[in-house]
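One file, input_2.txt, is given below (compact mmCIF, C-alpha atoms and all ligand atoms).
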# COMPACT_ATOMS: atom_id res chain seq x y z
CA MET A 1 16.04 31.10 67.74
CA LYS A 2 14.46 27.95 66.35
CA PRO A 3 10.76 27.53 67.13
CA LEU A 4 9.91 24.88 69.70
CA ILE A 5 7.06 22.49 69.02
CA ALA A 6 6.27 20.66 72.25
CA GLY A 7 3.73 17.87 72.54
CA ASN A 8 1.82 17.42 75.78
CA TRP A 9 0.41 13.91 75.81
CA LYS A 10 -1.47 14.57 79.08
CA MET A 11 -2.95 11.35 80.56
CA ASN A 12 -2.77 9.52 77.25
CA GLY A 13 -0.52 6.74 76.08
CA LEU A 14 0.26 3.14 76.94
CA SER A 15 3.29 1.16 75.86
CA ALA A 16 1.51 0.48 72.57
CA SER A 17 1.74 4.21 71.86
CA LEU A 18 5.53 3.98 71.64
CA ALA A 19 5.06 3.08 67.96
CA GLU A 20 3.73 6.61 67.41
CA PHE A 21 6.76 8.00 69.15
CA ASP A 22 9.00 5.85 66.96
CA ALA A 23 7.29 7.39 63.91
CA MET A 24 8.01 10.87 65.29
CA VAL A 25 11.65 9.95 65.81
CA ALA A 26 11.85 8.63 62.24
CA GLY A 27 10.12 11.71 60.82
CA TYR A 28 12.29 14.25 62.63
CA ASP A 29 14.83 14.24 59.86
CA VAL A 30 17.93 16.34 59.34
CA VAL A 31 16.04 19.08 57.50
CA LEU A 32 13.35 19.39 60.17
CA ARG A 33 15.92 19.19 62.92
CA SER A 34 17.84 22.12 61.49
CA ALA A 35 14.73 24.32 61.56
CA VAL A 36 12.64 23.27 64.57
CA ASP A 37 13.16 21.98 68.09
CA LEU A 38 10.78 19.11 68.83
CA MET A 39 9.74 17.88 72.25
CA VAL A 40 7.37 15.26 73.62
CA CYS A 41 6.07 15.35 77.19
CA PRO A 42 4.57 11.89 77.74
CA PRO A 43 2.97 10.52 80.88
CA THR A 44 5.79 9.69 83.30
CA THR A 45 5.22 5.97 82.79
CA LEU A 46 6.56 6.27 79.23
CA LEU A 47 9.45 8.62 79.87
CA THR A 48 12.22 6.06 80.32
CA SER A 49 11.03 3.94 77.38
CA MET A 50 11.03 7.02 75.16
CA ALA A 51 14.45 8.05 76.43
CA VAL A 52 15.78 4.72 75.19
CA ARG A 53 14.02 5.04 71.83
CA VAL A 54 14.87 8.67 71.14
CA GLY A 55 18.37 7.67 70.08
CA THR A 56 20.29 10.43 68.37
CA SER A 57 17.18 12.00 66.84
CA GLY A 58 17.43 15.08 69.02
CA ILE A 59 13.78 15.00 70.13
CA ALA A 60 13.69 16.40 73.65
CA LEU A 61 11.59 14.78 76.36
CA GLY A 62 9.82 16.46 79.21
CA GLY A 63 7.54 15.94 82.17
CA GLN A 64 4.06 17.42 82.52
CA ASP A 65 4.41 18.56 86.13
CA CYS A 66 6.78 18.24 89.05
CA HIS A 67 6.72 18.73 92.78
CA ALA A 68 8.68 21.65 94.19
CA ALA A 69 10.68 19.46 96.59
CA ILE A 70 13.64 17.27 95.66
CA GLN A 71 12.24 14.18 97.39
CA GLY A 72 10.17 13.17 100.35
CA ALA A 73 6.79 12.03 101.64
CA HIS A 74 4.60 13.22 98.76
CA THR A 75 2.66 10.20 97.60
CA GLY A 76 1.99 10.15 93.88
CA CYS A 77 4.24 13.10 93.03
CA ILE A 78 7.50 13.21 91.13
CA SER A 79 10.35 15.66 91.49
CA ALA A 80 12.14 17.58 88.78
CA GLU A 81 15.24 15.55 89.63
CA MET A 82 13.31 12.34 88.86
CA ILE A 83 12.28 13.70 85.47
CA ALA A 84 15.92 14.53 84.73
CA ASP A 85 16.97 11.09 85.94
CA ALA A 86 14.42 9.46 83.60
CA GLY A 87 15.81 11.29 80.59
CA GLY A 88 13.72 14.47 80.53
CA THR A 89 15.26 17.87 79.88
CA SER A 90 12.13 19.98 80.46
CA VAL A 91 8.99 20.12 82.50
CA ILE A 92 5.66 21.85 81.96
CA VAL A 93 4.51 23.72 85.07
CA GLY A 94 1.26 25.54 85.75
CA HIS A 95 -0.78 23.96 82.98
CA SER A 96 -4.36 25.16 83.34
CA GLU A 97 -5.51 21.58 83.95
CA ARG A 98 -3.15 21.44 86.95
CA ARG A 99 -4.30 24.87 88.11
CA ALA A 100 -7.97 23.82 87.83
CA ASP A 101 -7.92 20.13 88.79
CA HIS A 102 -5.26 20.35 91.49
CA HIS A 103 -5.87 23.89 92.75
CA GLU A 104 -2.34 24.98 91.91
CA THR A 105 -1.72 28.64 92.60
CA SER A 106 0.77 30.80 90.74
CA GLU A 107 2.91 30.78 93.88
CA MET A 108 3.09 26.97 93.67
CA VAL A 109 3.85 27.19 89.97
CA ALA A 110 6.75 29.56 90.69
CA ALA A 111 8.15 27.08 93.22
CA LYS A 112 7.89 24.30 90.63
CA ALA A 113 9.63 26.46 88.04
CA LYS A 114 12.48 27.00 90.49
CA ALA A 115 12.61 23.26 91.12
CA ALA A 116 12.86 22.64 87.38
CA LEU A 117 15.91 24.86 87.07
CA ARG A 118 17.43 23.40 90.23
CA ALA A 119 17.31 20.01 88.51
CA GLY A 120 18.83 21.39 85.32
CA LEU A 121 15.57 21.29 83.38
CA LEU A 122 13.94 23.88 81.15
CA ALA A 123 10.73 25.21 82.74
CA ILE A 124 7.74 25.62 80.42
CA ILE A 125 5.51 27.92 82.45
CA CYS A 126 1.86 28.09 81.34
CA VAL A 127 -0.52 31.03 81.62
CA GLY A 128 -3.92 31.73 80.11
CA GLU A 129 -7.30 33.30 80.69
CA THR A 130 -10.73 31.67 80.89
CA LYS A 131 -13.53 32.44 78.44
CA SER A 132 -15.36 34.67 80.89
CA GLU A 133 -12.20 36.59 81.67
CA ARG A 134 -11.70 37.22 77.95
CA LEU A 135 -15.33 38.24 77.45
CA GLU A 136 -15.04 40.66 80.36
CA GLY A 137 -12.00 42.25 78.73
CA LYS A 138 -9.66 41.03 81.46
CA ALA A 139 -7.46 38.66 79.44
CA LEU A 140 -4.36 40.86 79.36
CA ALA A 141 -4.61 41.72 83.04
CA VAL A 142 -5.23 38.13 84.15
CA VAL A 143 -2.36 36.71 82.11
CA GLY A 144 -0.07 39.53 83.22
CA GLN A 145 -0.84 38.80 86.86
CA GLN A 146 -0.32 35.05 86.39
CA LEU A 147 2.96 35.70 84.67
CA LYS A 148 4.29 38.01 87.36
CA GLU A 149 3.35 35.54 90.09
CA SER A 150 4.41 32.35 88.28
CA VAL A 151 7.78 33.39 86.88
CA PRO A 152 10.42 33.96 89.57
CA VAL A 153 12.69 36.83 88.48
CA ASP A 154 15.83 35.15 89.76
CA LEU A 155 15.48 32.38 87.15
CA ASP A 156 18.01 32.03 84.35
CA ALA A 157 15.99 33.41 81.43
CA SER A 158 17.70 31.04 79.01
CA ARG A 159 16.03 28.12 80.78
CA VAL A 160 12.52 29.55 80.75
CA VAL A 161 9.80 29.08 78.14
CA ILE A 162 6.35 30.64 78.49
CA ALA A 163 3.27 28.94 77.05
CA TYR A 164 0.24 31.16 76.48
CA GLU A 165 -2.75 28.84 76.48
CA PRO A 166 -6.21 30.39 76.62
CA VAL A 167 -8.16 27.93 78.79
CA TRP A 168 -11.16 28.12 76.47
CA ALA A 169 -9.04 27.09 73.47
CA ILE A 170 -7.63 23.91 75.04
CA GLY A 171 -9.17 20.79 73.55
CA THR A 172 -12.14 22.73 72.16
CA GLY A 173 -11.14 23.31 68.54
CA LEU A 174 -11.49 27.05 69.21
CA THR A 175 -8.56 29.43 68.77
CA PRO A 176 -8.16 33.14 69.36
CA THR A 177 -7.96 35.43 66.36
CA THR A 178 -4.47 36.11 65.06
CA ALA A 179 -4.87 39.70 66.25
CA ASP A 180 -5.62 38.47 69.77
CA VAL A 181 -2.60 36.15 69.71
CA ILE A 182 -0.36 38.98 68.54
CA GLU A 183 -1.73 41.31 71.21
CA MET A 184 -1.25 38.79 74.02
CA HIS A 185 2.20 37.69 72.94
CA ALA A 186 3.34 41.32 72.67
CA HIS A 187 1.97 41.90 76.18
CA ILE A 188 3.85 38.87 77.51
CA ARG A 189 7.03 39.96 75.70
CA ALA A 190 6.84 43.41 77.31
CA LEU A 191 6.34 41.89 80.76
CA LEU A 192 9.28 39.51 80.25
CA SER A 193 11.46 42.47 79.29
CA ASP A 194 10.35 44.25 82.47
CA LEU A 195 11.19 41.15 84.53
CA PHE A 196 14.41 40.03 82.87
CA GLY A 197 15.71 43.09 81.02
CA ALA A 198 17.44 42.34 77.72
CA ALA A 199 17.28 38.57 78.37
CA GLY A 200 13.48 38.77 78.25
CA ALA A 201 13.64 39.37 74.51
CA SER A 202 14.96 35.89 73.84
CA ILE A 203 12.53 33.88 75.97
CA ARG A 204 10.38 31.70 73.74
CA ILE A 205 6.65 32.30 74.05
CA LEU A 206 4.66 29.31 72.81
CA TYR A 207 1.02 29.44 71.81
CA GLY A 208 -1.12 26.51 72.95
CA GLY A 209 -4.77 25.55 72.52
CA SER A 210 -6.22 23.54 69.61
CA VAL A 211 -3.11 23.80 67.46
CA LYS A 212 -3.43 21.40 64.52
CA PRO A 213 -1.86 20.99 61.08
CA SER A 214 -4.53 23.19 59.45
CA ASN A 215 -4.03 26.25 61.69
CA ALA A 216 -0.37 25.86 62.68
CA ALA A 217 1.11 28.03 59.93
CA GLU A 218 -1.11 30.99 60.76
CA LEU A 219 -0.68 30.78 64.54
CA LEU A 220 3.06 30.19 64.34
CA SER A 221 3.61 33.10 61.95
CA ALA A 222 2.25 35.63 64.43
CA ALA A 223 4.77 38.04 65.94
CA ASN A 224 6.37 36.85 69.18
CA VAL A 225 5.09 33.29 68.74
CA GLY A 226 8.15 31.12 69.27
CA GLY A 227 6.47 27.77 68.87
CA ALA A 228 3.50 25.76 70.06
CA LEU A 229 2.41 23.60 72.95
CA VAL A 230 0.27 20.93 71.35
CA GLY A 231 -2.10 18.57 73.16
CA GLY A 232 -4.43 16.35 71.14
CA ALA A 233 -2.56 16.76 67.87
CA SER A 234 0.70 15.62 69.44
CA LEU A 235 -0.50 12.07 70.00
CA LYS A 236 -0.15 10.97 66.38
CA ALA A 237 2.95 11.43 64.26
CA ALA A 238 0.68 12.14 61.28
CA ASP A 239 -0.62 15.27 63.05
CA PHE A 240 2.40 16.28 65.08
CA LEU A 241 5.03 16.19 62.33
CA PRO A 242 3.03 18.41 59.94
CA ILE A 243 2.81 21.02 62.73
CA ALA A 244 6.59 20.91 63.04
CA GLN A 245 6.87 21.14 59.26
CA ALA A 246 4.59 24.18 59.25
CA ALA A 247 6.86 25.82 61.82
CA ALA A 248 9.92 24.96 59.72
CA ALA A 249 8.40 26.54 56.62
CA ILE A 250 7.92 29.97 58.21
CA VAL A 251 10.53 32.47 57.14
CA ARG A 252 11.59 34.45 60.22
P1 LIG B 1 -4.90 20.94 72.85
O1 LIG B 1 -4.15 21.08 74.25
O2 LIG B 1 -3.86 21.12 71.77
O3 LIG B 1 -5.49 19.57 72.86
O4 LIG B 1 -5.93 22.03 72.80
C1 LIG B 1 -3.12 22.02 74.43
C2 LIG B 1 -2.58 21.94 75.83
O5 LIG B 1 -3.36 21.81 76.77
O6 LIG B 1 -1.35 22.03 76.03
Kindly return the structure encoded in the file as structure tokens.
Amino acid sequence: MKPLIAGNWKMNGLSASLAEFDAMVAGYDVVLRSAVDLMVCPPTTLLTSMAVRVGTSGIALGGQDCHAAIQGAHTGCISAEMIADAGGTSVIVGHSERRADHHETSEMVAAKAKAALRAGLLAIICVGETKSERLEGKALAVVGQQLKESVPVDLDASRVVIAYEPVWAIGTGLTPTTADVIEMHAHIRALLSDLFGAAGASIRILYGGSVKPSNAAELLSAANVGGALVGGASLKAADFLPIAQAAAAIVR
């Protein structure tokens, strides 16, 4: 399966930023397209504008969160159906910033993942340990527990992507060692096989946390790494496209 490089713009981007998106569209040429799936998850305010500008480039668009319900009295929230209606084909759920800032539990994340599939979207389900959990030797256990609670087993495995994002690596410039990435991704792969049987082998497991052009090749070459979820370095085409090119250059 092609690697997936997904950009999470978080709460960044005004209409002036659409020029960067246009540069990404222009840079996602036939060669890159044949080797890598590219996605941008902008703030919701830019989703429809990007959907117009994406043209036939094949860049996928996604939301950064959704409510579990289809519609209703939930001020400030958006549903998975609204993301689909605006031109998105995916949604990130359970990002550690949502878990921390909005007190989202894994149970809530599982409900959002179900909502994503209900709306026909791909669910990118995030898991990851904190620094203290890693230092205490609990990383595998914590991520395993999050995964079991956040990924409903009745989901269609072909519409699920897992993003392993160590909380301490997000936006810090720090990354785990390659050995730690390999260990965690193997652990996640084994759990997905337990949950989904044979279908678990084909679920993409992204690495996320301080991915940039200079470290992308090494992180993306690790076993069971099926792509990257990129925050800061997804805001500029000059950073984001080289990450996609690094993914394309890896012989699998
Ligand atoms: P970062 O963010 O690449 O800026 O570390 C990654 C993420 O939170 O998805």
Could you list, as a PDB file with C-alpha atoms, in the frame of the given file, all the residues within 7 Å of ligand LIG 1 (chain B), counting all atoms listed in the file?
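The result, stored in pocket08.pdb:
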ATOM      1  CA  ASN A   8       1.820  17.420  75.780  1.00  0.00           C
ATOM      2  CA  GLU A 165      -2.750  28.840  76.480  1.00  0.00           C
ATOM      3  CA  ALA A 169      -9.040  27.090  73.470  1.00  0.00           C
ATOM      4  CA  ILE A 170      -7.630  23.910  75.040  1.00  0.00           C
ATOM      5  CA  GLY A 171      -9.170  20.790  73.550  1.00  0.00           C
ATOM      6  CA  THR A 172     -12.140  22.730  72.160  1.00  0.00           C
ATOM      7  CA  GLY A 173     -11.140  23.310  68.540  1.00  0.00           C
ATOM      8  CA  GLY A 208      -1.120  26.510  72.950  1.00  0.00           C
ATOM      9  CA  GLY A 209      -4.770  25.550  72.520  1.00  0.00           C
ATOM     10  CA  SER A 210      -6.220  23.540  69.610  1.00  0.00           C
ATOM     11  CA  VAL A 211      -3.110  23.800  67.460  1.00  0.00           C
ATOM     12  CA  LEU A 229       2.410  23.600  72.950  1.00  0.00           C
ATOM     13  CA  VAL A 230       0.270  20.930  71.350  1.00  0.00           C
ATOM     14  CA  GLY A 231      -2.100  18.570  73.160  1.00  0.00           C
ATOM     15  CA  GLY A 232      -4.430  16.350  71.140  1.00  0.00           C
ATOM     16  CA  ALA A 233      -2.560  16.760  67.870  1.00  0.00           C
TER      17      ALA A 233
END
> Which of these, A:Met11, A:Val225, A:Val31, A:Cys41, has the shortest distance to Ile182 in chain A once you count all atoms listed in the file?
Replying inline: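 Counting all atoms listed in the file, the residue closest to Ile182 in chain A is A:Val225.
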> Which of these, A:Ala113, A:Leu140, A:Leu220, A:Ile250, has the shortest distance to Ala190 in chain A once you count all atoms listed in the file?
Replying inline: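 Smallest separation from Ala190 in chain A among the options: A:Leu140.
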>> Can you measure CA of Arg134 in chain A to CA of Leu155 in chain A for me? One decimal in Å is fine.
In response: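 Between CA of Arg134 in chain A and CA of Leu155 in chain A the gap works out to 29.1 Å.
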> Using all atoms listed in the file, which of the listed residues (A:Val153, A:Ala123, A:Ala139, A:Ala60) sits closest to Ile205 in chain A?
Replying inline: A:Ala123
>> When you count all atoms listed in the file, which of these residues is closest to Lys2 in chain A: A:Asn215, A:Ser202, A:Ser132, A:Ser150?
In response: A:Ser202
>> Counting all atoms listed in the file, which residue out of A:Ala237, A:Val52, A:Ala199, A:Ile162 sits closest to Lys148 in chain A?
In response: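 Distance minimum relative to Lys148 in chain A lands on A:Ile162.
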>> Given only C-alpha atoms as the basis, pick out the residue of A:Leu14, A:Val143, A:Val181, A:Ile5 nearest to Tyr28 in chain A.
In response: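 For Tyr28 in chain A, the nearest of the given residues is A:Ile5.
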